[in-house]
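These notes are about the structure you will find just below.
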Amino acid sequence: MREDSADPATAGREALSYPFEATPEPGQALEVAPGVRWLRMRLPMLALNHINVWALEDGPGWTLIDTGMDMPETVSNWQSAFSGPLGTRPLVRVICTHMHPDHIGMAGWLTRQHNCRLWTTRLEYVTCRMLVADTGREAPADGVLFYHAAGWDDAALEHYRARFGGFGRAVYALPDSYRRVVDGEELEICGHRWRAVVGRGHSPEHLCLHCPELRVLISGDQVLPRITSNVSVFPTEPDADPLSEWLASLASIKERVSDDVLVLPSHNEPFRGLHARLDALIAGHEERLERLAAELATPKRAVDVFGLLFRRRVGVDMLSMATGESVAHLNCLMGRGLIARELDAAGVAWYRST
């Protein structure tokens, strides 16, 4: 995630409005639309210290959207919520927007505690199972080659080897089955129709939920008001073009979802001004792509373009994410035929304008 304070995507932020002055304390809930409650769970990261989760009245029970990360503090927060504001109804299902640990990390715990099912898209469930299975494995040779090609030095590669396989430590054991949600499907929740709007780029098959009747969009990480979601290439699919998928998804959401919705994002605060935010996100990425293509008149590695894409210094803790996003921009430009990639004798990739 990138803060937008010094980002091209700040364009249009003045068109956004934030209708709620307060944010809920962990374990508490705030009603933001009829039958829709806003809860917050803490995250251990300094730059991104919370995730918003949503509880929807669903007949006699609750449907939860996203879960928080698997850690003792989140368990305590959920226990407080179910002994407090959510204690009047049972939990009947858990819907996860996507497979990142802050969103799906507690899904297994919640579904087992409350004897209900996990609902999500197929690629999010399968990808999460795959990444969890890497827990405790040695770093794969393909991953080392990928980051070597991006320009990492030996110290960075050793750090990657040491930290590999940590994804599953933030995810409680997933349920062994799930209910698949597909794009365009309508879910009935407490007499309202919530349409599944699937996006791509930040994750393989990210689920948003749109209720035209309530004029609400639960946007997950697909649309955030003040930060830009990470769009990365990973060693498992080094030639992927997630940025093109991301830009197409943002344009599709603008076509499918009206501008009058209250947007409920996973981070920051609920806001209005969906179309302005979508336009700004698209324009910001296009500006970065144009600037990057111009700079590649002189060949560069992926690690050499960090200064063009990120305003703050990239430390070792952000190196994987920054590299993935840099390669995503470079692969997008290659897909457009604007740059070419060549490997040198050491296996390092150099990118240049065509």
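Naming scheme: A, B, ... for chains in displayed order of the structure tokens; residues 1 onward per chain; ligands 1 onward as shown.
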
So which residues of range 27-228 of chain A fall under strand (DSSP E) by DSSP, listed as a PyMOL selection string? chain A and resi 30-33+36-42+50-58+61-65+91-95+117-120+179-180+186-189+192-199+206-211+216-220+227-228

Taking C-alpha atoms for each residue, export the selection above as a PDB file, in the first residue's frame.
```
ATOM      1  CA  LEU A  30     -20.920   1.747  14.412  1.00  0.00           C
ATOM      2  CA  GLU A  31     -23.969   1.628  12.126  1.00  0.00           C
ATOM      3  CA  VAL A  32     -23.129   3.166   8.730  1.00  0.00           C
ATOM      4  CA  ALA A  33     -26.221   2.101   6.730  1.00  0.00           C
ATOM      5  CA  VAL A  36     -24.673  -2.511   8.246  1.00  0.00           C
ATOM      6  CA  ARG A  37     -22.194  -2.200  11.135  1.00  0.00           C
ATOM      7  CA  TRP A  38     -18.590  -0.986  10.928  1.00  0.00           C
ATOM      8  CA  LEU A  39     -15.960  -2.693  13.109  1.00  0.00           C
ATOM      9  CA  ARG A  40     -12.187  -2.224  13.224  1.00  0.00           C
ATOM     10  CA  MET A  41      -9.448  -4.725  14.027  1.00  0.00           C
ATOM     11  CA  ARG A  42      -5.868  -3.746  14.803  1.00  0.00           C
ATOM     12  CA  HIS A  50      -6.104  -1.311  11.140  1.00  0.00           C
ATOM     13  CA  ILE A  51      -8.563  -3.139   8.919  1.00  0.00           C
ATOM     14  CA  ASN A  52     -12.256  -2.339   8.623  1.00  0.00           C
ATOM     15  CA  VAL A  53     -14.660  -5.285   8.766  1.00  0.00           C
ATOM     16  CA  TRP A  54     -18.395  -5.183   8.242  1.00  0.00           C
ATOM     17  CA  ALA A  55     -21.276  -6.955   9.962  1.00  0.00           C
ATOM     18  CA  LEU A  56     -24.526  -7.195   7.983  1.00  0.00           C
ATOM     19  CA  GLU A  57     -27.833  -8.111   9.574  1.00  0.00           C
ATOM     20  CA  ASP A  58     -28.840 -11.372   7.896  1.00  0.00           C
ATOM     21  CA  GLY A  61     -28.016 -13.601  12.400  1.00  0.00           C
ATOM     22  CA  TRP A  62     -24.966 -11.743  11.108  1.00  0.00           C
ATOM     23  CA  THR A  63     -22.942 -12.019   7.913  1.00  0.00           C
ATOM     24  CA  LEU A  64     -19.361 -10.822   8.356  1.00  0.00           C
ATOM     25  CA  ILE A  65     -17.290  -9.292   5.581  1.00  0.00           C
ATOM     26  CA  LEU A  91     -22.949 -15.571  13.083  1.00  0.00           C
ATOM     27  CA  VAL A  92     -24.392 -17.307  10.000  1.00  0.00           C
ATOM     28  CA  ARG A  93     -21.613 -16.835   7.391  1.00  0.00           C
ATOM     29  CA  VAL A  94     -18.238 -15.235   6.747  1.00  0.00           C
ATOM     30  CA  ILE A  95     -17.503 -13.593   3.387  1.00  0.00           C
ATOM     31  CA  ARG A 117     -19.353 -21.381   6.195  1.00  0.00           C
ATOM     32  CA  LEU A 118     -16.736 -19.340   4.410  1.00  0.00           C
ATOM     33  CA  TRP A 119     -17.870 -17.621   1.202  1.00  0.00           C
ATOM     34  CA  THR A 120     -15.319 -16.232  -1.263  1.00  0.00           C
ATOM     35  CA  ARG A 179     -18.994 -21.566  -0.881  1.00  0.00           C
ATOM     36  CA  ARG A 180     -17.808 -20.086  -4.183  1.00  0.00           C
ATOM     37  CA  GLU A 186     -26.585 -11.697  -6.336  1.00  0.00           C
ATOM     38  CA  LEU A 187     -26.503 -12.631  -2.653  1.00  0.00           C
ATOM     39  CA  GLU A 188     -29.629 -12.049  -0.607  1.00  0.00           C
ATOM     40  CA  ILE A 189     -28.720 -10.649   2.793  1.00  0.00           C
ATOM     41  CA  HIS A 192     -31.407  -6.867   0.165  1.00  0.00           C
ATOM     42  CA  ARG A 193     -29.622  -7.931  -3.014  1.00  0.00           C
ATOM     43  CA  TRP A 194     -25.841  -7.606  -2.888  1.00  0.00           C
ATOM     44  CA  ARG A 195     -24.209  -8.022  -6.302  1.00  0.00           C
ATOM     45  CA  ALA A 196     -20.729  -9.547  -6.526  1.00  0.00           C
ATOM     46  CA  VAL A 197     -18.321  -7.252  -8.386  1.00  0.00           C
ATOM     47  CA  VAL A 198     -14.992  -9.014  -8.970  1.00  0.00           C
ATOM     48  CA  GLY A 199     -11.788  -7.067  -9.588  1.00  0.00           C
ATOM     49  CA  HIS A 206     -11.044  -9.764  -5.433  1.00  0.00           C
ATOM     50  CA  LEU A 207     -14.676  -9.661  -4.293  1.00  0.00           C
ATOM     51  CA  CYS A 208     -16.567  -6.391  -3.817  1.00  0.00           C
ATOM     52  CA  LEU A 209     -20.259  -6.310  -2.845  1.00  0.00           C
ATOM     53  CA  HIS A 210     -22.669  -3.697  -4.202  1.00  0.00           C
ATOM     54  CA  CYS A 211     -26.175  -3.108  -2.858  1.00  0.00           C
ATOM     55  CA  VAL A 216     -23.522   0.898  -0.564  1.00  0.00           C
ATOM     56  CA  LEU A 217     -20.327  -0.619  -2.029  1.00  0.00           C
ATOM     57  CA  ILE A 218     -18.133  -2.791   0.181  1.00  0.00           C
ATOM     58  CA  SER A 219     -14.912  -2.248  -1.758  1.00  0.00           C
ATOM     59  CA  GLY A 220     -12.286  -4.230   0.164  1.00  0.00           C
ATOM     60  CA  ILE A 227      -3.841   4.888  -0.106  1.00  0.00           C
ATOM     61  CA  THR A 228      -3.118   3.025  -3.314  1.00  0.00           C
TER      62      THR A 228
END
```

Shell around Arg169 in chain A at 10 Å using only C-alpha atoms, local window under 5 positions removed, as a PyMOL selection string: chain A and resi 69-71+101+105+132+135-136

Would you mind telling me which residue in A:Pro175, A:Pro34, A:Pro60, A:Pro44 lies nearest to Glu73 in chain A when using only C-alpha atoms? A:Pro44

Looking at only C-alpha atoms, which of A:Met45, A:Met130, A:Leu333, A:Ala150 is the one that sits closest to Gly165 in chain A? A:Met130

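Each of A:Ala280, A:Ala29, A:Gly68, A:Thr121 was checked against Ser80 in chain A using only C-alpha atoms; the smallest atom-to-atom distance is that of A:Ala29.
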
Selected residue, from A:Leu278, A:Leu131, A:Val75, A:Ala349, that lies nearest to Asp304 in chain A when counting only C-alpha atoms: A:Ala349

Of the residues A:Ser17, A:Ser326, A:Asn331, A:Ser320, which is the one nearest to Gly307 in chain A, using only C-alpha atoms? A:Ser326

Got a sec: who's within 10 Å of Ser258 in chain A, counting only C-alpha atoms, leaving out chain neighbours fewer than 3 positions off, as a PDB file with C-alpha atoms, in the first residue's frame?
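Output file part38.pdb follows:
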```
ATOM      1  CA  HIS A 210     -22.669  -3.697  -4.202  1.00  0.00           C
ATOM      2  CA  PRO A 212     -28.000  -0.675  -5.192  1.00  0.00           C
ATOM      3  CA  ARG A 215     -26.498   2.582  -2.194  1.00  0.00           C
ATOM      4  CA  VAL A 216     -23.522   0.898  -0.564  1.00  0.00           C
ATOM      5  CA  LEU A 217     -20.327  -0.619  -2.029  1.00  0.00           C
ATOM      6  CA  ILE A 253     -16.333  -0.769 -11.496  1.00  0.00           C
ATOM      7  CA  LYS A 254     -17.031   2.757 -12.722  1.00  0.00           C
ATOM      8  CA  GLU A 255     -19.337   1.343 -15.388  1.00  0.00           C
ATOM      9  CA  VAL A 261     -22.831   4.920  -3.229  1.00  0.00           C
ATOM     10  CA  GLY A 273     -17.049  10.156  -4.424  1.00  0.00           C
ATOM     11  CA  LEU A 274     -16.420   6.725  -5.968  1.00  0.00           C
ATOM     12  CA  HIS A 275     -16.032   7.826  -9.581  1.00  0.00           C
TER      13      HIS A 275
END
```

Can you check which residues of range 104-268 of chain A DSSP gives as alpha helix (DSSP H) on the backbone and send them as a ChimeraX atom specification? /A:104,107-114,122-133,141-150,154-163,242-256

From the list A:Leu214, A:Leu247, A:Val314, A:Val303, which residue is nearest Gly284 in chain A when using only C-alpha atoms?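 Among A:Leu214, A:Leu247, A:Val314, A:Val303, it is A:Leu247 that comes nearest to Gly284 in chain A.
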
Quick check, in Å to one decimal: how far apart do CA of Trp350 in chain A and CA of Arg291 in chain A lie?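 Computing it gives 17.1 Å between the two atoms.
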
Near Leu250 in chain A, counting only C-alpha atoms, which residues have an atom at most 9 Å away, once you skip same-chain residues fewer than 5 positions from it, shown as an NGL selection string? :A and (199-200 or 222-223 or 245 or 255 or 278-279 or 281-282)

So that I have them on file, write out the residues from the current selection with C-alpha atoms, as an mmCIF file, in the first residue's frame.
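So selection10.cif came out as:
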```cif
data_model
loop_
_atom_site.group_PDB
_atom_site.id
_atom_site.type_symbol
_atom_site.label_atom_id
_atom_site.label_comp_id
_atom_site.auth_asym_id
_atom_site.auth_seq_id
_atom_site.Cartn_x
_atom_site.Cartn_y
_atom_site.Cartn_z
ATOM 1 C CA GLY A 199 -11.788 -7.067 -9.588
ATOM 2 C CA ARG A 200 -8.226 -8.172 -10.333
ATOM 3 C CA GLN A 222 -10.051 -2.600 -4.634
ATOM 4 C CA VAL A 223 -10.916 1.056 -3.954
ATOM 5 C CA GLU A 245 -5.931 -6.152 -14.956
ATOM 6 C CA GLU A 255 -19.337 1.343 -15.388
ATOM 7 C CA LEU A 278 -11.496 5.650 -9.610
ATOM 8 C CA ASP A 279 -10.505 8.319 -12.128
ATOM 9 C CA LEU A 281 -6.331 5.963 -9.328
ATOM 10 C CA ILE A 282 -6.300 5.280 -13.070
#
```

Quick one: everything within 12 Å of Asp317 in chain A, counting only C-alpha atoms, minus sequence neighbours fewer than 2 positions away in the same chain. Send it as JSON, numbers by chain. {"A": [45, 46, 47, 156, 159, 160, 163, 313, 314, 315, 319, 320, 321, 322, 323]}

Could you pull the residues within 9 Å of Ala15 in chain A, counting only C-alpha atoms, minus those fewer than 6 positions along the same chain, as a ChimeraX atom specification? /A:272-273,276-277

Using N, CA and C atoms, can you write the selected residues to a file as a short mmCIF file (atom, residue, chain, number, x, y, z; two decimals), in the first residue's frame?
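So again_9.cif came out as:
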```cif
data_model
loop_
_atom_site.label_atom_id
_atom_site.label_comp_id
_atom_site.auth_asym_id
_atom_site.auth_seq_id
_atom_site.Cartn_x
_atom_site.Cartn_y
_atom_site.Cartn_z
N ARG A 272 -17.64 9.06 0.20
CA ARG A 272 -18.43 9.25 -1.01
C ARG A 272 -17.55 9.92 -2.06
N GLY A 273 -17.85 9.63 -3.33
CA GLY A 273 -17.05 10.16 -4.42
C GLY A 273 -16.34 9.05 -5.17
N ALA A 276 -14.81 9.78 -8.81
CA ALA A 276 -13.63 10.65 -8.75
C ALA A 276 -12.41 9.87 -8.28
N ARG A 277 -12.60 8.99 -7.30
CA ARG A 277 -11.48 8.21 -6.79
C ARG A 277 -10.98 7.23 -7.84
#
```

Neighbour list for Ala346 in chain A as number ranges by chain, cut-off 12 Å, only C-alpha atoms, skip fewer than 5 positions in-chain: A: 145, 148-151

Pull N, CA and C atoms from the residues just selected and write them as a PDB file, in the first residue's frame.
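Below is the file that was written, selection.pdb:
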```
ATOM      1  N   LEU A 145      15.918 -16.637  -8.161  1.00  0.00           N
ATOM      2  CA  LEU A 145      16.259 -16.177  -9.510  1.00  0.00           C
ATOM      3  C   LEU A 145      15.458 -14.934  -9.895  1.00  0.00           C
ATOM      4  N   HIS A 148      16.918 -11.997  -7.960  1.00  0.00           N
ATOM      5  CA  HIS A 148      18.246 -11.715  -8.516  1.00  0.00           C
ATOM      6  C   HIS A 148      18.107 -10.964  -9.836  1.00  0.00           C
ATOM      7  N   ALA A 149      17.192 -11.411 -10.682  1.00  0.00           N
ATOM      8  CA  ALA A 149      16.980 -10.745 -11.969  1.00  0.00           C
ATOM      9  C   ALA A 149      16.511  -9.304 -11.778  1.00  0.00           C
ATOM     10  N   ALA A 150      15.790  -9.037 -10.681  1.00  0.00           N
ATOM     11  CA  ALA A 150      15.305  -7.681 -10.413  1.00  0.00           C
ATOM     12  C   ALA A 150      16.411  -6.759  -9.936  1.00  0.00           C
ATOM     13  N   GLY A 151      17.574  -7.341  -9.562  1.00  0.00           N
ATOM     14  CA  GLY A 151      18.694  -6.521  -9.149  1.00  0.00           C
ATOM     15  C   GLY A 151      19.035  -6.584  -7.674  1.00  0.00           C
TER      16      GLY A 151
END
```

Calculate how many Å separate CA of Tyr18 in chain A from CA of Val257 in chain A, rounding to one decimal.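 CA of Val257 in chain A lies 18.7 Å from CA of Tyr18 in chain A.
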
Length of the CA of Asp142 in chain A to CA of Ala162 in chain A vector [Å]: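 Straight-line distance from CA of Asp142 in chain A to CA of Ala162 in chain A works out to 15.3 Å.
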